[in-house]
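To be precise, the following lines are input_10.txt, and they hold compact mmCIF, C-alpha atoms.
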```
# COMPACT_ATOMS: atom_id res chain seq x y z
CA MET D 1158 5.87 14.78 31.39
CA ALA D 1159 4.33 18.23 31.42
CA SER D 1160 7.69 19.99 31.57
CA SER D 1161 8.99 17.82 28.73
CA ALA D 1162 6.00 18.70 26.57
CA ALA D 1163 6.36 22.37 27.41
CA SER D 1164 10.04 22.38 26.42
CA ARG D 1165 9.37 20.82 23.03
CA PRO D 1166 9.54 23.44 20.23
CA ARG D 1167 6.20 24.31 18.69
CA PRO D 1168 5.64 23.59 14.96
CA VAL D 1169 5.93 27.18 13.70
CA GLY D 1170 6.83 28.15 10.14
CA TYR D 1171 5.87 26.84 6.73
CA ILE D 1172 9.09 26.47 4.72
CA ARG D 1173 9.31 22.72 5.38
CA TRP D 1174 5.83 22.24 3.90
CA THR D 1175 6.84 24.16 0.79
CA ILE D 1176 9.71 21.68 0.44
CA CYS D 1177 7.17 18.88 0.87
CA ILE D 1178 5.10 20.32 -2.00
CA LEU D 1179 8.21 20.27 -4.23
CA LEU D 1180 8.82 16.62 -3.29
CA PHE D 1181 5.19 15.79 -4.04
CA ALA D 1182 5.49 17.44 -7.47
CA ALA D 1183 8.66 15.48 -8.23
CA VAL D 1184 6.94 12.15 -7.51
CA VAL D 1185 3.99 13.18 -9.69
CA LEU D 1186 6.36 14.01 -12.57
CA SER D 1187 8.28 10.76 -12.19
CA TYR D 1188 5.07 8.74 -12.60
CA VAL D 1189 3.86 10.87 -15.48
CA ASP D 1190 7.13 10.28 -17.32
CA ARG D 1191 7.19 6.52 -16.82
CA LEU D 1192 3.52 6.18 -17.86
CA VAL D 1193 3.53 8.20 -21.10
CA LEU D 1194 4.68 5.17 -23.11
CA PRO D 1195 2.07 2.74 -21.69
CA VAL D 1196 -0.71 5.19 -22.59
CA LEU D 1197 0.67 5.52 -26.13
CA LYS D 1198 1.43 1.80 -26.53
CA PRO D 1199 -1.72 0.69 -28.41
CA MET D 1200 -1.39 3.55 -30.92
CA LEU D 1201 2.37 3.12 -31.43
CA GLN D 1202 1.98 -0.65 -31.72
CA ALA D 1203 -0.58 -0.25 -34.49
CA GLU D 1204 1.48 2.41 -36.27
CA TYR D 1205 4.91 0.78 -36.08
CA GLY D 1206 4.06 -2.94 -35.87
CA TRP D 1207 5.44 -3.71 -32.41
CA SER D 1208 5.23 -7.27 -31.13
CA GLU D 1209 3.93 -7.99 -27.64
CA THR D 1210 7.23 -9.59 -26.64
CA GLY D 1211 9.07 -6.54 -27.94
CA TYR D 1212 7.04 -4.26 -25.68
CA GLY D 1213 7.60 -6.70 -22.83
CA TYR D 1214 11.37 -6.38 -23.31
CA VAL D 1215 11.04 -2.57 -23.21
CA ASN D 1216 9.58 -2.96 -19.73
CA VAL D 1217 12.22 -5.52 -18.76
CA ALA D 1218 14.94 -3.01 -19.68
CA PHE D 1219 13.25 -0.32 -17.59
CA GLN D 1220 12.78 -2.56 -14.56
CA ALA D 1221 16.31 -3.98 -14.68
CA ALA D 1222 17.84 -0.51 -14.76
CA TYR D 1223 15.40 0.72 -12.11
CA GLY D 1224 16.22 -2.13 -9.75
CA ILE D 1225 19.98 -1.70 -10.08
CA GLY D 1226 19.70 2.08 -9.79
CA PHE D 1227 17.44 1.82 -6.73
CA LEU D 1228 20.00 -0.40 -5.07
CA PHE D 1229 22.86 2.06 -5.48
CA PHE D 1230 21.29 5.53 -5.70
CA GLY D 1231 20.86 5.82 -1.94
CA ARG D 1232 24.60 5.60 -1.45
CA LEU D 1233 25.17 8.31 -4.03
CA ILE D 1234 22.69 10.61 -2.27
CA ASP D 1235 24.37 9.90 1.08
CA ARG D 1236 27.54 11.24 -0.54
CA VAL D 1237 26.27 14.28 -2.47
CA GLY D 1238 23.15 15.25 -0.48
CA ALA D 1239 19.46 15.60 -1.30
CA LYS D 1240 19.73 18.75 -3.45
CA ALA D 1241 22.46 17.53 -5.79
CA GLY D 1242 21.06 14.00 -5.71
CA TYR D 1243 17.63 15.08 -6.96
CA LEU D 1244 19.22 17.26 -9.66
CA ILE D 1245 21.25 14.29 -10.89
CA ALA D 1246 18.21 12.00 -10.77
CA MET D 1247 15.69 14.27 -12.52
CA GLY D 1248 18.25 15.68 -14.93
CA THR D 1249 19.14 12.16 -16.06
CA TRP D 1250 15.58 10.97 -16.47
CA THR D 1251 14.40 14.17 -18.16
CA VAL D 1252 16.98 13.90 -20.97
CA ALA D 1253 16.12 10.22 -21.47
CA HIS D 1254 12.39 10.88 -21.32
CA MET D 1255 12.49 13.57 -24.00
CA ALA D 1256 14.81 11.42 -26.13
CA GLN D 1257 11.98 8.89 -26.52
CA ALA D 1258 10.39 11.31 -29.02
CA LEU D 1259 13.26 10.46 -31.39
CA VAL D 1260 12.68 6.69 -31.61
CA THR D 1261 9.92 4.48 -33.01
CA SER D 1262 11.06 0.86 -32.44
CA THR D 1263 10.84 -1.22 -29.31
CA LEU D 1264 14.65 -1.50 -29.34
CA GLY D 1265 14.94 2.28 -29.44
CA PHE D 1266 12.52 2.70 -26.55
CA ALA D 1267 14.30 -0.01 -24.54
CA ILE D 1268 17.61 1.84 -24.93
CA ALA D 1269 16.08 5.24 -24.09
CA ARG D 1270 14.27 3.93 -21.02
CA ILE D 1271 17.41 2.57 -19.37
CA PRO D 1272 18.70 6.03 -18.32
CA LEU D 1273 15.07 7.03 -17.66
CA ALA D 1274 14.82 4.22 -15.13
CA ILE D 1275 18.22 4.92 -13.59
CA GLY D 1276 17.25 8.54 -13.01
CA GLU D 1277 13.80 7.67 -11.67
CA SER D 1278 15.30 5.18 -9.25
CA GLY D 1279 16.68 8.19 -7.35
CA THR D 1280 13.21 9.67 -6.77
CA TYR D 1281 12.44 8.09 -3.41
CA PRO D 1282 15.98 7.97 -1.94
CA ALA D 1283 16.38 11.69 -2.68
CA ALA D 1284 12.92 12.53 -1.36
CA LEU D 1285 13.51 10.53 1.83
CA ALA D 1286 16.85 12.28 2.34
CA ALA D 1287 15.19 15.67 1.92
CA ALA D 1288 12.40 14.71 4.34
CA SER D 1289 15.01 13.61 6.87
CA GLU D 1290 16.71 17.02 6.57
CA TRP D 1291 13.53 19.07 6.83
CA PHE D 1292 11.15 17.20 9.15
CA PRO D 1293 11.47 15.96 12.74
CA GLN D 1294 10.56 12.34 13.30
CA ARG D 1295 7.05 13.11 14.60
CA GLU D 1296 6.14 14.84 11.30
CA ARG D 1297 8.24 12.83 8.89
CA ALA D 1298 5.72 10.04 8.28
CA LEU D 1299 3.07 12.62 7.38
CA ALA D 1300 5.44 14.36 4.96
CA ILE D 1301 6.39 11.02 3.36
CA GLY D 1302 2.73 10.09 3.06
CA ILE D 1303 1.98 13.37 1.31
CA PHE D 1304 4.70 13.13 -1.33
CA ASN D 1305 4.13 9.39 -1.76
CA ALA D 1306 0.54 10.21 -2.78
CA GLY D 1307 2.09 11.82 -5.85
CA ALA D 1308 2.44 8.34 -7.37
CA ASN D 1309 -1.30 7.88 -7.78
CA VAL D 1310 -1.78 11.52 -8.74
CA GLY D 1311 0.75 11.00 -11.53
CA ALA D 1312 -1.14 7.92 -12.67
CA ILE D 1313 -4.37 9.96 -12.72
CA VAL D 1314 -2.91 12.97 -14.52
CA THR D 1315 -1.11 11.06 -17.28
CA PRO D 1316 -4.21 9.80 -19.19
CA LEU D 1317 -5.47 13.39 -19.19
CA ILE D 1318 -2.30 15.10 -20.42
CA VAL D 1319 -0.98 12.55 -22.90
CA PRO D 1320 -4.08 12.16 -25.13
CA ALA D 1321 -4.56 15.94 -25.26
CA LEU D 1322 -0.97 16.58 -26.33
CA THR D 1323 -1.00 13.67 -28.78
CA LEU D 1324 -4.22 14.67 -30.51
CA TRP D 1325 -3.08 18.30 -30.68
CA LEU D 1326 0.58 18.06 -31.69
CA GLY D 1327 1.37 14.39 -32.31
CA TRP D 1328 2.65 11.61 -30.09
CA GLU D 1329 6.18 13.02 -29.90
CA SER D 1330 4.82 16.06 -28.04
CA ALA D 1331 3.68 13.80 -25.19
CA PHE D 1332 7.36 13.22 -24.37
CA TRP D 1333 8.86 16.66 -24.83
CA GLY D 1334 5.78 18.46 -23.48
CA THR D 1335 5.83 16.55 -20.18
CA GLY D 1336 9.63 16.84 -20.12
CA LEU D 1337 9.34 20.63 -20.12
CA LEU D 1338 7.43 20.38 -16.83
CA ASN D 1339 10.50 18.69 -15.35
CA LEU D 1340 12.66 21.67 -16.36
CA VAL D 1341 10.31 23.99 -14.48
CA TRP D 1342 10.63 21.80 -11.39
CA ILE D 1343 14.44 21.67 -11.68
CA ALA D 1344 14.58 25.47 -11.80
CA ALA D 1345 12.37 25.73 -8.71
CA TRP D 1346 14.49 23.14 -6.88
CA VAL D 1347 17.77 24.93 -7.65
CA ILE D 1348 16.38 28.28 -6.55
CA TYR D 1349 14.45 27.21 -3.47
CA TYR D 1350 16.02 24.15 -1.87
CA ARG D 1351 18.59 24.65 0.88
CA ARG D 1352 19.43 22.90 4.10
CA PRO D 1353 17.24 24.31 6.89
CA ARG D 1354 19.93 26.49 8.51
CA GLU D 1355 20.97 27.83 5.09
CA HIS D 1356 17.51 28.80 3.88
CA PRO D 1357 17.10 32.61 3.67
CA ARG D 1358 13.37 32.63 4.51
CA ILE D 1359 13.25 30.24 7.46
CA THR D 1360 12.77 31.43 11.05
CA GLU D 1361 14.91 30.37 13.99
CA ALA D 1362 11.81 28.84 15.58
CA GLU D 1363 11.23 26.54 12.60
CA VAL D 1364 14.90 25.54 12.54
CA ALA D 1365 14.69 24.66 16.24
CA TYR D 1366 11.59 22.58 15.61
CA ILE D 1367 13.19 20.71 12.70
CA GLU D 1368 16.32 19.99 14.76
CA SER D 1369 14.40 19.01 17.93
CA ASP D 1370 15.10 15.27 17.55
CA PRO D 1371 18.28 13.85 19.07
CA PRO D 1372 20.92 13.09 16.43
CA ILE D 1373 21.15 9.53 15.15
CA VAL D 1374 24.54 7.90 14.79
CA GLN D 1375 24.70 6.18 11.41
CA GLN D 1376 26.06 2.64 11.51
CA PRO D 1377 26.45 1.33 7.95
CA VAL D 1378 25.86 -2.41 7.69
CA PRO D 1379 27.17 -4.43 4.72
CA TRP D 1380 24.48 -6.04 2.61
CA ARG D 1381 25.83 -9.48 3.42
CA ARG D 1382 24.96 -8.91 7.09
CA LEU D 1383 21.49 -7.72 6.24
CA LEU D 1384 20.98 -10.75 4.00
CA ALA D 1385 21.90 -12.99 6.93
CA THR D 1386 18.62 -11.97 8.63
CA ARG D 1387 15.37 -13.79 7.86
CA GLN D 1388 13.46 -10.51 8.15
CA ALA D 1389 15.27 -9.20 5.06
CA TRP D 1390 14.29 -12.26 3.05
CA ALA D 1391 10.68 -11.99 4.20
CA TYR D 1392 10.50 -8.37 3.04
CA MET D 1393 12.32 -9.05 -0.24
CA SER D 1394 10.13 -12.08 -0.99
CA GLY D 1395 6.97 -10.05 -0.45
CA ARG D 1396 8.21 -7.30 -2.76
CA PHE D 1397 9.31 -9.87 -5.36
CA LEU D 1398 5.78 -11.30 -5.52
CA ILE D 1399 3.58 -8.19 -5.33
CA ASP D 1400 5.56 -5.48 -7.14
CA PRO D 1401 5.20 -7.27 -10.51
CA VAL D 1402 1.42 -6.94 -10.24
CA TRP D 1403 1.64 -3.18 -9.74
CA TRP D 1404 4.14 -2.87 -12.62
CA MET D 1405 1.75 -4.85 -14.81
CA PHE D 1406 -1.11 -2.49 -14.01
CA LEU D 1407 1.06 0.56 -14.70
CA PHE D 1408 2.48 -0.69 -18.01
CA TRP D 1409 -0.35 -2.77 -19.50
CA LEU D 1410 -3.74 -1.36 -18.43
CA PRO D 1411 -4.21 0.96 -21.44
CA ASP D 1412 -3.43 -1.97 -23.72
CA PHE D 1413 -5.92 -4.21 -21.90
CA LEU D 1414 -8.68 -1.60 -22.17
CA SER D 1415 -7.92 -1.13 -25.86
CA ARG D 1416 -7.66 -4.83 -26.68
CA ARG D 1417 -10.63 -6.06 -24.64
CA TYR D 1418 -13.09 -3.13 -24.81
CA ALA D 1419 -11.88 -1.13 -27.84
CA ILE D 1420 -11.24 1.98 -25.73
CA ASP D 1421 -9.04 4.38 -27.67
CA LEU D 1422 -6.66 7.17 -26.71
CA LYS D 1423 -9.49 9.64 -26.13
CA GLY D 1424 -11.29 7.27 -23.75
CA TYR D 1425 -8.50 6.20 -21.36
CA GLY D 1426 -8.98 9.08 -18.93
CA PRO D 1427 -12.15 8.15 -16.98
CA PRO D 1428 -11.40 4.43 -16.42
CA LEU D 1429 -7.75 4.97 -15.44
CA ILE D 1430 -8.67 7.86 -13.15
CA ALA D 1431 -11.32 5.69 -11.47
CA ILE D 1432 -8.83 2.84 -10.96
CA TYR D 1433 -6.19 5.00 -9.30
CA VAL D 1434 -8.67 6.93 -7.15
CA ILE D 1435 -9.88 3.58 -5.79
CA ALA D 1436 -6.21 2.66 -5.27
CA ASP D 1437 -5.71 5.79 -3.16
CA ILE D 1438 -8.66 4.81 -0.96
CA GLY D 1439 -7.16 1.36 -0.48
CA SER D 1440 -3.80 2.83 0.50
CA ILE D 1441 -5.44 4.90 3.24
CA LEU D 1442 -7.71 2.13 4.53
CA GLY D 1443 -4.96 -0.52 4.52
CA GLY D 1444 -2.71 1.61 6.68
CA TRP D 1445 -5.63 2.70 8.88
CA ALA D 1446 -6.69 -0.89 9.56
CA SER D 1447 -3.37 -2.00 11.02
CA SER D 1448 -2.85 1.32 12.86
CA ARG D 1449 -6.30 0.92 14.43
CA MET D 1450 -5.48 -2.59 15.62
CA LEU D 1451 -2.11 -1.46 16.99
CA ALA D 1452 -3.83 1.35 18.90
CA ARG D 1453 -6.10 -1.27 20.50
CA GLY D 1454 -3.12 -3.26 21.74
CA VAL D 1455 -2.96 -5.90 18.99
CA SER D 1456 0.59 -7.09 18.35
CA ALA D 1457 2.39 -5.76 15.27
CA ASN D 1458 2.65 -9.32 13.95
CA ARG D 1459 -1.10 -9.88 14.09
CA ALA D 1460 -2.11 -6.35 13.04
CA ARG D 1461 0.11 -6.18 9.96
CA LYS D 1462 -0.70 -9.68 8.76
CA LEU D 1463 -4.45 -9.43 9.34
CA ALA D 1464 -4.49 -6.17 7.38
CA MET D 1465 -2.49 -7.80 4.59
CA LEU D 1466 -4.86 -10.77 4.57
CA GLY D 1467 -7.88 -8.50 4.13
CA CYS D 1468 -6.15 -6.64 1.29
CA ALA D 1469 -5.09 -9.92 -0.37
CA LEU D 1470 -8.69 -11.16 -0.38
CA ILE D 1471 -9.85 -7.95 -2.05
CA VAL D 1472 -7.44 -8.63 -4.92
CA VAL D 1473 -8.70 -12.16 -5.67
CA PRO D 1474 -11.67 -11.18 -7.92
CA VAL D 1475 -9.29 -9.53 -10.43
CA ALA D 1476 -8.57 -13.06 -11.65
CA PHE D 1477 -11.84 -12.78 -13.59
CA ALA D 1478 -11.30 -9.27 -15.00
CA ALA D 1479 -10.69 -10.53 -18.52
CA TYR D 1480 -14.21 -12.02 -18.52
CA ALA D 1481 -15.99 -8.88 -17.25
CA PRO D 1482 -19.04 -8.21 -19.45
CA SER D 1483 -18.39 -4.45 -19.56
CA ALA D 1484 -15.43 -2.12 -19.29
CA TRP D 1485 -16.69 -0.56 -16.07
CA ILE D 1486 -17.07 -3.89 -14.31
CA ALA D 1487 -13.47 -4.64 -15.32
CA VAL D 1488 -12.47 -1.20 -14.02
CA LEU D 1489 -14.13 -1.99 -10.69
CA LEU D 1490 -12.34 -5.35 -10.38
CA ILE D 1491 -8.98 -3.82 -11.32
CA GLY D 1492 -9.60 -0.82 -9.06
CA LEU D 1493 -10.25 -3.14 -6.12
CA ALA D 1494 -7.05 -5.04 -6.96
CA CYS D 1495 -5.08 -1.79 -7.02
CA ALA D 1496 -6.66 -0.78 -3.71
CA GLY D 1497 -5.71 -4.15 -2.26
CA HIS D 1498 -2.16 -3.73 -3.58
CA GLN D 1499 -1.77 -0.31 -2.01
CA GLY D 1500 -3.20 -1.41 1.31
CA PHE D 1501 -1.05 -4.55 1.32
CA SER D 1502 2.00 -2.46 0.39
CA SER D 1503 1.42 0.09 3.14
CA ASN D 1504 1.77 -2.74 5.66
CA LEU D 1505 4.55 -4.64 3.90
CA PHE D 1506 6.52 -1.39 3.52
CA SER D 1507 6.27 -0.92 7.28
CA MET D 1508 8.47 -3.97 7.85
CA PRO D 1509 11.82 -2.13 7.58
CA SER D 1510 10.79 0.47 10.19
CA ASP D 1511 9.03 -2.16 12.35
CA LEU D 1512 11.87 -4.66 12.39
CA TYR D 1513 15.16 -2.78 11.80
CA PRO D 1514 17.00 0.06 13.52
CA ARG D 1515 16.61 3.33 11.65
CA TRP D 1516 20.18 3.37 10.39
CA ALA D 1517 19.63 0.06 8.55
CA GLN D 1518 16.21 0.81 7.08
CA GLY D 1519 17.44 2.55 3.92
CA SER D 1520 19.53 -0.44 2.90
CA ILE D 1521 16.62 -2.82 3.51
CA VAL D 1522 14.33 -0.63 1.42
CA GLY D 1523 16.93 -0.70 -1.35
CA LEU D 1524 17.12 -4.50 -1.27
CA GLY D 1525 13.34 -4.70 -1.37
CA GLY D 1526 13.17 -2.33 -4.33
CA PHE D 1527 15.72 -4.44 -6.18
CA ALA D 1528 13.73 -7.61 -5.48
CA GLY D 1529 10.51 -5.95 -6.64
CA ALA D 1530 12.12 -4.80 -9.88
CA ALA D 1531 13.47 -8.32 -10.49
CA GLY D 1532 9.97 -9.70 -10.10
CA GLY D 1533 8.68 -7.00 -12.43
CA MET D 1534 11.17 -8.07 -15.10
CA LEU D 1535 9.84 -11.60 -14.96
CA MET D 1536 6.24 -10.36 -15.15
CA SER D 1537 6.97 -8.20 -18.19
CA THR D 1538 8.62 -11.12 -19.96
CA TYR D 1539 5.72 -13.40 -19.02
CA ALA D 1540 3.05 -10.87 -20.06
CA GLY D 1541 4.68 -10.25 -23.42
CA TRP D 1542 4.98 -13.97 -24.10
CA VAL D 1543 1.37 -14.69 -23.03
CA LEU D 1544 -0.08 -11.93 -25.19
CA GLN D 1545 2.06 -12.91 -28.15
CA THR D 1546 1.23 -16.63 -27.98
CA VAL D 1547 -2.13 -16.92 -26.18
CA GLY D 1548 -3.52 -13.50 -27.05
CA SER D 1549 -5.44 -13.18 -23.77
CA TYR D 1550 -4.94 -11.43 -20.44
CA THR D 1551 -6.58 -14.31 -18.56
CA PRO D 1552 -3.35 -16.08 -17.43
CA ILE D 1553 -1.90 -12.73 -16.35
CA PHE D 1554 -4.91 -11.79 -14.22
CA LEU D 1555 -5.01 -15.28 -12.70
CA PHE D 1556 -1.52 -14.73 -11.30
CA CYS D 1557 -2.48 -11.25 -10.08
CA GLY D 1558 -5.43 -12.72 -8.20
CA ILE D 1559 -3.36 -15.16 -6.15
CA ALA D 1560 -0.10 -13.20 -5.83
CA TYR D 1561 -0.98 -11.45 -2.56
CA LEU D 1562 -2.17 -14.54 -0.73
CA LEU D 1563 1.00 -16.26 -1.89
CA ALA D 1564 3.12 -13.31 -0.74
CA LEU D 1565 1.52 -13.30 2.70
CA ALA D 1566 2.05 -17.04 3.05
CA VAL D 1567 5.74 -16.69 2.13
CA VAL D 1568 6.28 -13.70 4.43
CA HIS D 1569 4.67 -15.58 7.33
CA ALA D 1570 6.61 -18.77 6.63
CA ILE D 1571 9.94 -16.93 6.65
CA ASN D 1572 9.21 -14.63 9.60
CA PRO D 1573 6.28 -16.11 11.58
CA SER D 1574 6.94 -14.16 14.79
CA TYR D 1575 7.60 -10.76 13.14
CA ALA D 1576 10.47 -10.36 15.57
CA PRO D 1577 12.61 -7.20 15.29
CA VAL D 1578 16.30 -7.52 14.48
CA THR D 1579 18.27 -6.71 17.62
CA LYS D 1580 21.72 -7.64 16.39
CA PHE D 1581 23.37 -8.68 13.17
CA ALA D 1582 25.18 -11.95 12.71
CA PRO D 1583 28.95 -11.55 12.50
CA VAL D 1584 30.53 -12.06 9.11
CA GLU D 1585 33.99 -13.56 8.99
CA GLU D 1586 36.54 -11.32 7.37
CA PRO D 1587 38.65 -12.93 4.64
CA THR D 1588 42.05 -14.10 5.78
CA THR D 1589 45.18 -12.81 4.13
```

Let me see whether you can do it: turn the structure in this file into structure tokens.
Amino acid sequence: MASSAASRPRPVGYIRWTICILLFAAVVLSYVDRLVLPVLKPMLQAEYGWSETGYGYVNVAFQAAYGIGFLFFGRLIDRVGAKAGYLIAMGTWTVAHMAQALVTSTLGFAIARIPLAIGESGTYPAALAAASEWFPQRERALAIGIFNAGANVGAIVTPLIVPALTLWLGWESAFWGTGLLNLVWIAAWVIYYRRPREHPRITEAEVAYIESDPPIVQQPVPWRRLLATRQAWAYMSGRFLIDPVWWMFLFWLPDFLSRRYAIDLKGYGPPLIAIYVIADIGSILGGWASSRMLARGVSANRARKLAMLGCALIVVPVAFAAYAPSAWIAVLLIGLACAGHQGFSSNLFSMPSDLYPRWAQGSIVGLGGFAGAAGGMLMSTYAGWVLQTVGSYTPIFLFCGIAYLLALAVVHAINPSYAPVTKFAPVEEPTT
């Protein structure tokens, strides 16, 4: 053991962490770009007479394109590589994002947000491919955790940037101003990103450290074989039920604060920042809870599901958020729900790596992302219809309150033993 540890390359060099910072910035920008419209929604709705169902269909268009793109973007990146893949992804979504400044109707935004969603669907596949190139397995989870934190940072930054730009230069500037930040990132990516052995500033010691893991032989598995496993359906069902709640928070919270508590564009910053800071805490604690139990010898089945149960219970009070007597009590309830979501997700998202060989995990993640986007489409349609006909967020928050307990029950019913997949069922080839 001692000789093995001594022969392992030491983690010298810093270039890989500079790459990680670029990946973190890309995730931040992707969330900023998708959240500009939700922040502007109450103002644009008042100015241009949008219906609630119309705005719901804008989100349906985004989620449909995002789900389909998420399903197929990984294969494109496998073909062209992380560098070209991220350029294609961010280039596509940047053009579409800035084009939103040219439209005023819900139909126009729905059309513009389709390529926005397709481009943004490449964010995580490209980032994961880059992390795989630049980090050995023992550091990769840390790198992924760092750039994944960009999601909540983007959600915190957006209500600060967008109102300032809008009040200064008009609402159109919120789209092209944030789009210009993407162009800066693209320039940095083109100039700086290389494969480790091709990077001009990297040391041989850092290359040796990055390449210290044994190579993994990729064994592509058709989706039909993955879908023959109950573990895939457990993961997809969980994503289908909980992702819509997160999408609802992302796309509708500014409208809820405006409608229920008369908070305007200038006042969104503090409550939204508080909500997503609480969400970050939940993400850390949810992952820590199951990791702590695993370290004490608790089975993965029990540790993951107990952690998810605790997170699901934290979400339940959000069912009463529409009746909160003050905005800050509502913010607390919603913040706890977002924390519960992030903690629940950190354990649910561990299922592919817990239960599948590494070479099948990307495809499972893609199927889960597609299922989550499909659930988000239904939630957007439902939310638009409820607000148009009932005029209250109460039915929406009631679903949010029970969604995680329901998801855990479904995941447990489909895969009660949390058994890893050791082999895939054969699929008969068509006869000729």

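Of the residues listed (D:Ala1560, D:Val1189, D:Leu1179, D:Leu1340), D:Ala1560 shows the shortest atom-to-atom separation from Leu1466 (chain D); distances use all atoms listed in the file.
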
Put a box with edges along x, y and z around all the listed atoms of region 1339-1354 of chain D, pad it by 4 Å on each side, then give me its centre and sizes in Å, one decimal, as AutoDock Vina command-line options.
```
--center_x 15.1 --center_y 23.5 --center_z -3.9 --size_x 17.6 --size_y 17.6 --size_z 32.9
```

Of the residues D:Val1402, D:Leu1505, D:Leu1490, D:Ile1172, which is the one nearest to Ser1447 (chain D), using all atoms listed in the file?
-> D:Leu1505

Smallest atom-to-atom distance to Pro1509 (chain D): which of D:Ile1571, D:Ala1576, D:Leu1180, D:Leu1470, using only C-alpha atoms?
->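 Among D:Ile1571, D:Ala1576, D:Leu1180, D:Leu1470, it is D:Ala1576 that comes nearest to Pro1509 (chain D).
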
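Straight-line separation from CA of Arg1387 (chain D) to CA of Asp1235 (chain D): 26.2 Å.
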
Of the residues D:Tyr1223, D:Trp1291, D:Phe1181, D:Trp1207, which is the one nearest to Ala1365 (chain D), using all atoms listed in the file?
->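 Under the stated criterion, the closest residue is D:Trp1291.
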
Nearest-residue call for Trp1404 (chain D), choices D:Gly1532, D:Gly1443, D:Gly1279, D:Gly1525, using all atoms listed in the file | D:Gly1532

Counting all atoms listed in the file, which of D:Pro1357, D:Gly1395, D:Pro1401, D:Pro1474 gets nearest to Phe1501 (chain D)?
->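 The shortest atom-to-atom distance to Phe1501 (chain D) comes from D:Gly1395.
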
Atom pair CA of Leu1563 (chain D) + CA of Phe1527 (chain D), distance 19.4 Å

Gap from CA of Ala1496 (chain D) to CA of Ile1435 (chain D) - Å, one decimal = 5.8 Å

Anything within 10 Å of (-8.8, -11.4, -0.4): list those residues as a PyMOL selection string, counting all atoms listed in the file and sticking to the file's coordinates.
-> chain D and resi 1465-1474+1494+1497+1558-1559+1561-1562

Leaving out Val1434 (chain D) and any residue of its chain fewer than 4 positions from it, which residues lie within 12 Å of it when counting all atoms listed in the file, given as a PyMOL selection string?
-> chain D and resi 1306-1314+1426-1430+1438-1441+1488-1489+1491-1493+1495-1496+1499
